[in-house]
Amino acid sequence: DARLSGIKSKLELGGFVPGLGSINLNTDYGFDVLGRIGMKVNEATLAYALAGYSWQHFKLDAPAPLDVDWGSSGFSVGAGLETAVSDKMTVGIEYRYSQFAKEDFSDEFPIPSGLVTSTPSFHTVRIDAKYKFN
């Protein structure tokens, strides 16, 4: 799977440090390499579990000189149901949890190690429909 995203997390710092503004953590693109294994619940429905490798690009937008962007490896796990509604169409629902490596910003800024870190993670629910053309 490949993805383009517009997910943003915002932290307002004006109340703590006047004039500092805010910090945004943006996730813009990434991919997953997953395997899934399942079993038939009935003649038309498959229940499955999935797991695999995930990678995500992150960008920290903050007042200069705090802008940083990085790529992070991680893992995804989840489960889903897929059911055939006809001989050419299926619908499904899936849950995924993805977690990425901890980023320590002490390499980018003159601060003590471990003082400012991020361990990004996502919870995702997908609803899909697939159509077979042949």
# chains A, B, ... in the order shown; residues from 1 in each chain; ligands from 1
call {"tool": "select_by_dssp", "arguments": {"residues": "chain A", "states": "strand (DSSP E or B)", "output": "tab-separated table (two decimals) with C-alpha atoms, in the first residue's frame"}}
result
chain	number	residue	atom	x	y	z
A	2	ALA	CA	1.12	3.55	-0.69
A	3	ARG	CA	-0.50	6.63	0.81
A	4	LEU	CA	-0.64	10.39	0.52
A	5	SER	CA	-1.90	12.10	3.63
A	6	GLY	CA	-2.78	15.48	5.02
A	7	ILE	CA	-2.80	14.49	8.69
A	8	LYS	CA	-1.60	17.34	10.92
A	9	SER	CA	-1.14	17.59	14.67
A	10	LYS	CA	-0.85	21.08	16.14
A	11	LEU	CA	0.63	22.16	19.46
A	12	GLU	CA	-0.01	25.78	20.47
A	22	SER	CA	2.73	26.76	17.31
A	23	ILE	CA	4.38	23.53	16.19
A	24	ASN	CA	2.76	21.33	13.51
A	25	LEU	CA	3.63	17.66	12.94
A	26	ASN	CA	2.60	16.70	9.40
A	27	THR	CA	2.48	13.27	7.78
A	28	ASP	CA	2.47	13.55	4.01
A	29	TYR	CA	3.42	10.22	2.38
A	30	GLY	CA	4.38	6.66	3.24
A	31	PHE	CA	3.93	3.00	2.40
A	32	ASP	CA	3.27	-0.44	3.93
A	33	VAL	CA	4.44	-3.92	2.93
A	34	LEU	CA	1.99	-6.26	4.64
A	35	GLY	CA	1.01	-9.89	4.67
A	36	ARG	CA	-2.39	-11.15	5.66
A	37	ILE	CA	-3.69	-14.52	6.71
A	38	GLY	CA	-7.32	-15.42	7.17
A	39	MET	CA	-10.08	-17.95	7.22
A	40	LYS	CA	-13.57	-18.12	5.78
A	45	THR	CA	-16.86	-13.75	4.13
A	46	LEU	CA	-13.15	-13.76	4.97
A	47	ALA	CA	-11.82	-12.73	8.40
A	48	TYR	CA	-8.11	-11.92	8.41
A	49	ALA	CA	-5.18	-10.57	10.41
A	50	LEU	CA	-2.38	-8.54	8.88
A	51	ALA	CA	1.12	-7.46	9.87
A	52	GLY	CA	4.20	-6.01	8.26
A	53	TYR	CA	6.64	-3.19	7.64
A	54	SER	CA	5.59	0.49	7.44
A	55	TRP	CA	7.47	3.64	6.50
A	56	GLN	CA	6.27	7.24	6.87
A	57	HIS	CA	7.65	10.70	6.08
A	58	PHE	CA	7.12	13.33	8.79
A	59	LYS	CA	7.67	17.09	8.82
A	60	LEU	CA	7.88	19.20	11.95
A	61	ASP	CA	6.89	22.79	11.11
A	68	VAL	CA	12.81	19.18	10.68
A	69	ASP	CA	11.68	16.45	8.31
A	70	TRP	CA	12.50	12.75	8.54
A	71	GLY	CA	11.49	9.29	7.39
A	72	SER	CA	10.73	6.61	9.94
A	73	SER	CA	10.42	2.83	9.75
A	74	GLY	CA	7.92	0.94	11.85
A	75	PHE	CA	5.32	-1.78	11.86
A	76	SER	CA	1.59	-2.21	11.25
A	77	VAL	CA	-0.79	-4.82	12.67
A	78	GLY	CA	-4.51	-5.16	12.19
A	79	ALA	CA	-7.54	-7.23	11.30
A	80	GLY	CA	-10.44	-7.06	8.89
A	81	LEU	CA	-13.48	-8.63	7.26
A	82	GLU	CA	-14.09	-8.88	3.53
A	83	THR	CA	-17.34	-10.21	2.11
A	84	ALA	CA	-18.49	-10.92	-1.44
A	89	MET	CA	-17.73	-7.28	-6.03
A	90	THR	CA	-16.50	-7.38	-2.41
A	91	VAL	CA	-16.82	-4.91	0.47
A	92	GLY	CA	-14.75	-4.82	3.61
A	93	ILE	CA	-13.73	-3.11	6.79
A	94	GLU	CA	-10.24	-3.11	8.30
A	95	TYR	CA	-8.49	-1.74	11.39
A	96	ARG	CA	-4.74	-1.01	11.46
A	97	TYR	CA	-2.37	0.18	14.16
A	98	SER	CA	0.95	1.57	12.91
A	99	GLN	CA	3.86	2.65	15.11
A	100	PHE	CA	7.09	4.27	13.99
A	103	GLU	CA	12.80	10.36	16.90
A	104	ASP	CA	15.15	12.23	19.25
A	117	THR	CA	11.27	13.16	21.35
A	118	SER	CA	8.39	11.84	19.27
A	121	SER	CA	1.60	6.13	15.74
A	122	PHE	CA	-1.70	5.87	13.84
A	123	HIS	CA	-4.99	4.10	14.32
A	124	THR	CA	-6.74	3.66	10.97
A	125	VAL	CA	-10.14	2.27	10.00
A	126	ARG	CA	-10.70	1.55	6.31
A	127	ILE	CA	-13.93	0.78	4.50
A	128	ASP	CA	-13.49	-0.43	0.93
A	129	ALA	CA	-15.26	-1.81	-2.11
A	130	LYS	CA	-13.48	-3.84	-4.81
A	131	TYR	CA	-14.77	-4.70	-8.26
call {"tool": "atom_distance", "arguments": {"atom1": "CA of Asn134 in chain A", "atom2": "CA of Asn42 in chain A"}}
result
23.9 Å
call {"tool": "atom_distance", "arguments": {"atom1": "CA of Phe105 in chain A", "atom2": "CA of Thr119 in chain A"}}
result
11.3 Å
call {"tool": "decode", "arguments": {"residues": "range 34-119 of chain A", "atoms": "C-alpha atoms", "output": "mmCIF file, in the first residue's frame"}}
result
data_model
loop_
_atom_site.group_PDB
_atom_site.id
_atom_site.type_symbol
_atom_site.label_atom_id
_atom_site.label_comp_id
_atom_site.auth_asym_id
_atom_site.auth_seq_id
_atom_site.Cartn_x
_atom_site.Cartn_y
_atom_site.Cartn_z
ATOM 1 C CA LEU A 34 1.987 -6.257 4.643
ATOM 2 C CA GLY A 35 1.008 -9.890 4.674
ATOM 3 C CA ARG A 36 -2.393 -11.153 5.658
ATOM 4 C CA ILE A 37 -3.692 -14.524 6.706
ATOM 5 C CA GLY A 38 -7.320 -15.424 7.166
ATOM 6 C CA MET A 39 -10.083 -17.949 7.223
ATOM 7 C CA LYS A 40 -13.569 -18.116 5.783
ATOM 8 C CA VAL A 41 -16.318 -17.247 8.243
ATOM 9 C CA ASN A 42 -18.941 -18.458 5.765
ATOM 10 C CA GLU A 43 -19.088 -18.993 1.989
ATOM 11 C CA ALA A 44 -18.864 -15.251 1.235
ATOM 12 C CA THR A 45 -16.856 -13.750 4.127
ATOM 13 C CA LEU A 46 -13.146 -13.762 4.966
ATOM 14 C CA ALA A 47 -11.823 -12.729 8.399
ATOM 15 C CA TYR A 48 -8.108 -11.922 8.414
ATOM 16 C CA ALA A 49 -5.179 -10.569 10.406
ATOM 17 C CA LEU A 50 -2.376 -8.536 8.881
ATOM 18 C CA ALA A 51 1.117 -7.456 9.868
ATOM 19 C CA GLY A 52 4.200 -6.008 8.255
ATOM 20 C CA TYR A 53 6.636 -3.190 7.636
ATOM 21 C CA SER A 54 5.591 0.485 7.441
ATOM 22 C CA TRP A 55 7.474 3.644 6.496
ATOM 23 C CA GLN A 56 6.269 7.239 6.872
ATOM 24 C CA HIS A 57 7.654 10.697 6.084
ATOM 25 C CA PHE A 58 7.120 13.327 8.785
ATOM 26 C CA LYS A 59 7.669 17.091 8.821
ATOM 27 C CA LEU A 60 7.882 19.200 11.952
ATOM 28 C CA ASP A 61 6.887 22.789 11.105
ATOM 29 C CA ALA A 62 7.916 25.165 13.855
ATOM 30 C CA PRO A 63 9.451 28.611 14.216
ATOM 31 C CA ALA A 64 12.956 28.690 12.662
ATOM 32 C CA PRO A 65 15.360 27.002 13.255
ATOM 33 C CA LEU A 66 13.135 24.165 14.527
ATOM 34 C CA ASP A 67 11.916 22.861 11.113
ATOM 35 C CA VAL A 68 12.813 19.183 10.676
ATOM 36 C CA ASP A 69 11.683 16.449 8.309
ATOM 37 C CA TRP A 70 12.502 12.750 8.542
ATOM 38 C CA GLY A 71 11.491 9.294 7.394
ATOM 39 C CA SER A 72 10.728 6.613 9.943
ATOM 40 C CA SER A 73 10.419 2.834 9.755
ATOM 41 C CA GLY A 74 7.924 0.945 11.849
ATOM 42 C CA PHE A 75 5.320 -1.781 11.864
ATOM 43 C CA SER A 76 1.593 -2.207 11.254
ATOM 44 C CA VAL A 77 -0.788 -4.816 12.666
ATOM 45 C CA GLY A 78 -4.509 -5.164 12.194
ATOM 46 C CA ALA A 79 -7.542 -7.225 11.300
ATOM 47 C CA GLY A 80 -10.436 -7.061 8.891
ATOM 48 C CA LEU A 81 -13.477 -8.635 7.264
ATOM 49 C CA GLU A 82 -14.094 -8.883 3.531
ATOM 50 C CA THR A 83 -17.345 -10.206 2.106
ATOM 51 C CA ALA A 84 -18.489 -10.924 -1.443
ATOM 52 C CA VAL A 85 -21.721 -9.175 -2.367
ATOM 53 C CA SER A 86 -21.677 -10.672 -5.886
ATOM 54 C CA ASP A 87 -19.325 -12.779 -7.995
ATOM 55 C CA LYS A 88 -17.542 -9.555 -9.087
ATOM 56 C CA MET A 89 -17.725 -7.280 -6.025
ATOM 57 C CA THR A 90 -16.502 -7.378 -2.410
ATOM 58 C CA VAL A 91 -16.824 -4.912 0.470
ATOM 59 C CA GLY A 92 -14.753 -4.820 3.609
ATOM 60 C CA ILE A 93 -13.726 -3.108 6.793
ATOM 61 C CA GLU A 94 -10.244 -3.110 8.300
ATOM 62 C CA TYR A 95 -8.494 -1.743 11.394
ATOM 63 C CA ARG A 96 -4.744 -1.011 11.462
ATOM 64 C CA TYR A 97 -2.369 0.176 14.158
ATOM 65 C CA SER A 98 0.951 1.575 12.915
ATOM 66 C CA GLN A 99 3.860 2.647 15.111
ATOM 67 C CA PHE A 100 7.089 4.267 13.986
ATOM 68 C CA ALA A 101 10.569 4.614 15.474
ATOM 69 C CA LYS A 102 11.220 7.153 18.200
ATOM 70 C CA GLU A 103 12.803 10.363 16.904
ATOM 71 C CA ASP A 104 15.146 12.226 19.247
ATOM 72 C CA PHE A 105 15.524 15.847 18.161
ATOM 73 C CA SER A 106 18.757 16.425 20.121
ATOM 74 C CA ASP A 107 20.747 15.700 16.924
ATOM 75 C CA GLU A 108 19.051 18.604 15.118
ATOM 76 C CA PHE A 109 19.084 21.126 17.973
ATOM 77 C CA PRO A 110 21.534 21.984 20.748
ATOM 78 C CA ILE A 111 19.472 20.310 23.497
ATOM 79 C CA PRO A 112 20.189 17.397 25.868
ATOM 80 C CA SER A 113 19.504 13.910 24.478
ATOM 81 C CA GLY A 114 15.999 12.615 25.188
ATOM 82 C CA LEU A 115 14.573 16.007 26.139
ATOM 83 C CA VAL A 116 12.379 16.402 23.025
ATOM 84 C CA THR A 117 11.268 13.160 21.352
ATOM 85 C CA SER A 118 8.388 11.839 19.266
ATOM 86 C CA THR A 119 7.141 8.265 18.761
#
